[in-house]
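Beneath this line is the structure, given in structure tokens, with notes to follow.
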Amino acid sequence: MTNRSPYYFIIAAMLVLVTSCTRLNITNYYHKHHSALDSIEDTYRRAYRNKPFSIEFTDRPFDRVSLELITDTLTYIYEYRVGEPRLQDTLLKFGYDTVPVNWLINRMRTMECTWIDKLDYYVEDQKHSLIYLSLWPRAFNSPFVNKKYYILTYFQQPQYYDSKGRLFASRRRRHLRKINAEVFFRLNDRVFYTISDRFR
Amino acid sequence: MSSRIKLFIVCLLCSNTGFTLPAPADITWRLSSDTIWRLPPNTGHVSSTPEQALLLLRNTKLPDSSIWWPNVKLSLFIENLKANINFPLKIYQGSNTNFCGYAALSYLPLQDDPLSYTRFMLSLYLDGKATWNNISFETSPAIHQAAGTLHFKGILDIRHADQIWFLILADHFRSYLNFFNRRFHPGSEDTFWAAVNYGKFNRMIRQLLGWQVEARGSDVLRPHIPHLFDYLTNCLTTGTTYLYVNNTYLHKKNHNKFKSRFPTHYIVLEQIHRIPGQEDWVDIVYWDYGGRTLRQMDLHFLKRILFGVSHCTPPTDNK
């Protein structure tokens, strides 16, 4: 038994190393790719204002894309292979500007972004919105563990946070705000992140 | 094996829903004396119109704050009732709660009998308790305190009437899934305290609304329905149809290979059509999460995620 103890120590040390790298990686990832990620958010926010929709990649190779096209009466959910002509036909039929949607699909695929949506949240009974962006980098794709996603939230206004960088509910209610049951951490005044088991 | 686990397994096996309960006929109301009621008294299960419900709401004097619901804001409560009456499909369970069963249940009274719903909610606000279809709702102090305090749930944050409605339903109707979470604590809305198994869902419709429910399915085993498309089409022509589905496939939230094999979500099926040229593919329109969705799916996929079909028809003993 005593002979095995060094192995246990090495395994434990590796686990600690792997888990301790997680936070550093997220922060680095954002700072390395922030211009690309921010442009996705900006394009999506503008396109959503014209006609609401959300985009989901449903598989690991990012070959299948699912569109949620939101109208007053119905949300239409359609799934396509990337580049399939049907996708363009659908966008035109529903009156979407195909340029930003296609640009988003391609850029999201490049950045391994699996989901983008707009969420409403409430502060002092007032409605606000944020853009919810889920990333599924290959670094998180171990076959033996549940999938993990980087979640980035883009707020329209600077947010309050505590000394640990955790997102606050508001200036008056100084306790943590949860989004999709997760606590978020500051990347900059408008952008916060978390790691989640769920992409939405 | 501990006795708790044995009891849990027994309950699980006994939770099939092939039974039928007699539907109570009368609806009685406890009304406050300082309320102006200009509508005729309730004489049983009678479908009503949104106009009647709005008239009742307009003609009812409500105190600025309720001693029963200290955290409920009157303005948000009234706005919420108006929204539910005018746009019944917009009712939303809140993000990450286990209120989906109660939200799905609300589809029936909000569309079929908004007047009864409004009376019930006004009685609750005024008296802290109310009766619907001979079922008396007398909630615990923890529920009175909690209503109006649920946060980070999307629009449910400002839907104070919906918070009361979901909380009192979850507090009153209990089942084996709620066995280990008997009392409400802050955050219980996200736990098994609020969970709705299939038997409980059908029981709520029968007992609370008096509707007749023909249920096929269970919490564990999928129902054997050989001609699913024809069966669902037939259900849609004769009543309201709820589907009890595995939401980890329908509304995917991760890409894990291994997913839960149990049903977790209720949707209202509104339409189903075969897609021309693709015999096994259908367009379905369903209601959940405060809106209607149309999506295309393989009938085999639908069979795989489907654990229950509840076909609900209104009571025939209208007075």
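Letters for chains follow the order of the structure tokens (A, B, ...), residue numbers begin at 1 for each chain, and ligand numbers begin at 1 in the order shown.
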From region 9-214 of chain B, collect each residue whose DSSP state is strand (DSSP E) and return the set as a compact mmCIF listing (two decimals) with N, CA and C atoms, in the first residue's frame.
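Output below, filename result-v9.txt:
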```
# COMPACT_ATOMS: atom_id res chain seq x y z
N LYS B 129 -56.90 32.67 1.74
CA LYS B 129 -57.29 31.28 1.42
C LYS B 129 -58.51 31.34 0.49
N ALA B 130 -58.74 30.26 -0.20
CA ALA B 130 -59.87 30.24 -1.14
C ALA B 130 -60.25 28.80 -1.43
N THR B 131 -61.40 28.66 -2.04
CA THR B 131 -61.89 27.31 -2.37
C THR B 131 -62.19 27.24 -3.85
N TRP B 132 -61.80 26.15 -4.44
CA TRP B 132 -62.11 25.94 -5.87
C TRP B 132 -62.57 24.48 -6.00
N ILE B 135 -62.34 22.26 -3.13
CA ILE B 135 -61.00 22.05 -2.59
C ILE B 135 -60.58 23.34 -1.89
N SER B 136 -60.33 23.23 -0.62
CA SER B 136 -59.97 24.40 0.16
C SER B 136 -58.45 24.57 0.18
N PHE B 137 -58.00 25.73 -0.22
CA PHE B 137 -56.56 26.02 -0.22
C PHE B 137 -56.24 26.90 0.98
N GLU B 138 -55.65 26.31 1.98
CA GLU B 138 -55.22 27.07 3.15
C GLU B 138 -53.72 26.85 3.29
N GLN B 212 -62.75 15.71 -17.29
CA GLN B 212 -62.52 14.27 -17.38
C GLN B 212 -61.19 14.04 -18.09
N VAL B 213 -60.41 13.13 -17.56
CA VAL B 213 -59.07 12.90 -18.11
C VAL B 213 -58.93 11.43 -18.48
N GLU B 214 -58.61 11.21 -19.74
CA GLU B 214 -58.28 9.85 -20.17
C GLU B 214 -56.76 9.82 -20.32
```
Kindly determine which residues of chain B lie within 10 Å of chain A, considering only C-alpha atoms, and give the answer as a ChimeraX atom specification.
/B:76,89,95-97,151-159,190,251-258,285-287,291-297
Among the residues of region 106-188 of chain B, find those DSSP assigns to alpha helix (DSSP H) from the backbone and print them as number ranges by chain.
B: 106-112, 114-127, 141-146, 160-172
Could you list, as a PDB file with N, CA and C atoms, in the first residue's frame, every residue within 7 Å of Phe307 (chain B), counting only C-alpha atoms and ignoring same-chain residues fewer than 4 positions away?
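Output contents, as saved in selection_21.pdb:
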```
ATOM      1  N   GLY B 217     -50.138   6.290 -19.891  1.00  0.00           N
ATOM      2  CA  GLY B 217     -48.729   6.510 -19.628  1.00  0.00           C
ATOM      3  C   GLY B 217     -48.418   6.440 -18.148  1.00  0.00           C
ATOM      4  N   SER B 218     -47.185   6.706 -17.812  1.00  0.00           N
ATOM      5  CA  SER B 218     -46.748   6.661 -16.418  1.00  0.00           C
ATOM      6  C   SER B 218     -45.449   7.450 -16.284  1.00  0.00           C
ATOM      7  N   ASP B 219     -44.911   7.454 -15.062  1.00  0.00           N
ATOM      8  CA  ASP B 219     -43.663   8.188 -14.813  1.00  0.00           C
ATOM      9  C   ASP B 219     -42.433   7.426 -15.287  1.00  0.00           C
ATOM     10  N   LEU B 221     -42.627   4.102 -17.450  1.00  0.00           N
ATOM     11  CA  LEU B 221     -42.759   3.339 -18.691  1.00  0.00           C
ATOM     12  C   LEU B 221     -43.516   4.137 -19.738  1.00  0.00           C
ATOM     13  N   ARG B 222     -43.048   4.013 -20.974  1.00  0.00           N
ATOM     14  CA  ARG B 222     -43.731   4.717 -22.062  1.00  0.00           C
ATOM     15  C   ARG B 222     -45.014   3.964 -22.411  1.00  0.00           C
ATOM     16  N   PRO B 223     -46.057   4.680 -22.817  1.00  0.00           N
ATOM     17  CA  PRO B 223     -47.301   3.993 -23.189  1.00  0.00           C
ATOM     18  C   PRO B 223     -47.149   3.308 -24.540  1.00  0.00           C
ATOM     19  N   TYR B 244     -46.751  14.326 -21.813  1.00  0.00           N
ATOM     20  CA  TYR B 244     -45.764  14.266 -20.731  1.00  0.00           C
ATOM     21  C   TYR B 244     -44.478  13.739 -21.367  1.00  0.00           C
ATOM     22  N   VAL B 245     -43.479  14.582 -21.457  1.00  0.00           N
ATOM     23  CA  VAL B 245     -42.321  14.253 -22.306  1.00  0.00           C
ATOM     24  C   VAL B 245     -40.998  14.359 -21.545  1.00  0.00           C
ATOM     25  N   PRO B 263     -39.379  11.291 -17.830  1.00  0.00           N
ATOM     26  CA  PRO B 263     -40.102  12.481 -18.295  1.00  0.00           C
ATOM     27  C   PRO B 263     -40.020  13.598 -17.267  1.00  0.00           C
TER      28      PRO B 263
END
```
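Here CA of Lys200 (chain B) stands at a distance of 27.0 Å from CA of Leu299 (chain B).
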Could you check how far CA of Ala215 (chain B) sits from CA of Arg274 (chain B), in Å to one decimal?
23.9 Å
For Tyr161 (chain A), find every residue with an atom within 9 Å (counting only C-alpha atoms), except residues of its own chain fewer than 5 positions away, and show them as a CSV table (one decimal) with C-alpha atoms, in the first residue's frame.
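The file below, out.csv, is the result:
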```csv
chain,number,residue,atom,x,y,z
A,166,ARG,CA,-19.3,38.2,-8.6
A,167,LEU,CA,-22.4,39.7,-10.3
A,168,PHE,CA,-24.7,41.6,-8.0
A,169,ALA,CA,-28.5,41.8,-8.4
A,170,SER,CA,-28.5,45.6,-8.3
A,171,ARG,CA,-27.0,48.6,-6.6
A,174,ARG,CA,-26.4,43.8,-2.8
A,176,LEU,CA,-25.7,37.8,-6.0
A,185,PHE,CA,-18.1,36.5,-12.7
A,186,ARG,CA,-16.7,39.7,-14.1
A,189,ASP,CA,-18.1,46.0,-16.6
```
Give me the residues within 12 Å of Leu306 (chain B) as a count of residues only, counting only C-alpha atoms and dropping any in the same chain fewer than 4 places off.
35
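The space separating CA of Phe87 (chain B) from CA of Ala147 (chain B) comes to 21.9 Å.
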Selection near Val191 (chain A), 10 Å with only C-alpha atoms, sequence-local residues under 2 positions removed, as a ChimeraX atom specification:
/A:30,38,130-131,152-159,167,184-189,193
Let me see the file: selected residues, C-alpha atoms, as a compact mmCIF listing (two decimals), in the first residue's frame.
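The resulting file, selection15.txt, is shown below:
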```
# COMPACT_ATOMS: atom_id res chain seq x y z
CA TYR A 30 -12.17 35.87 -23.62
CA ASP A 38 -17.98 41.02 -29.10
CA LEU A 130 -28.84 40.62 -22.02
CA ILE A 131 -27.25 38.53 -24.74
CA LEU A 152 -20.81 34.81 -21.56
CA THR A 153 -23.48 37.36 -20.74
CA TYR A 154 -23.41 40.77 -22.36
CA PHE A 155 -25.31 43.43 -20.45
CA GLN A 156 -26.36 46.76 -21.90
CA GLN A 157 -25.24 48.72 -18.83
CA PRO A 158 -22.24 48.33 -16.51
CA GLN A 159 -23.10 45.95 -13.68
CA LEU A 167 -22.35 39.73 -10.32
CA PHE A 184 -21.53 34.93 -12.86
CA PHE A 185 -18.07 36.49 -12.66
CA ARG A 186 -16.74 39.71 -14.10
CA LEU A 187 -14.70 39.92 -17.28
CA ASN A 188 -15.34 43.62 -17.73
CA ASP A 189 -18.10 45.98 -16.60
CA TYR A 193 -18.98 34.64 -17.45
```
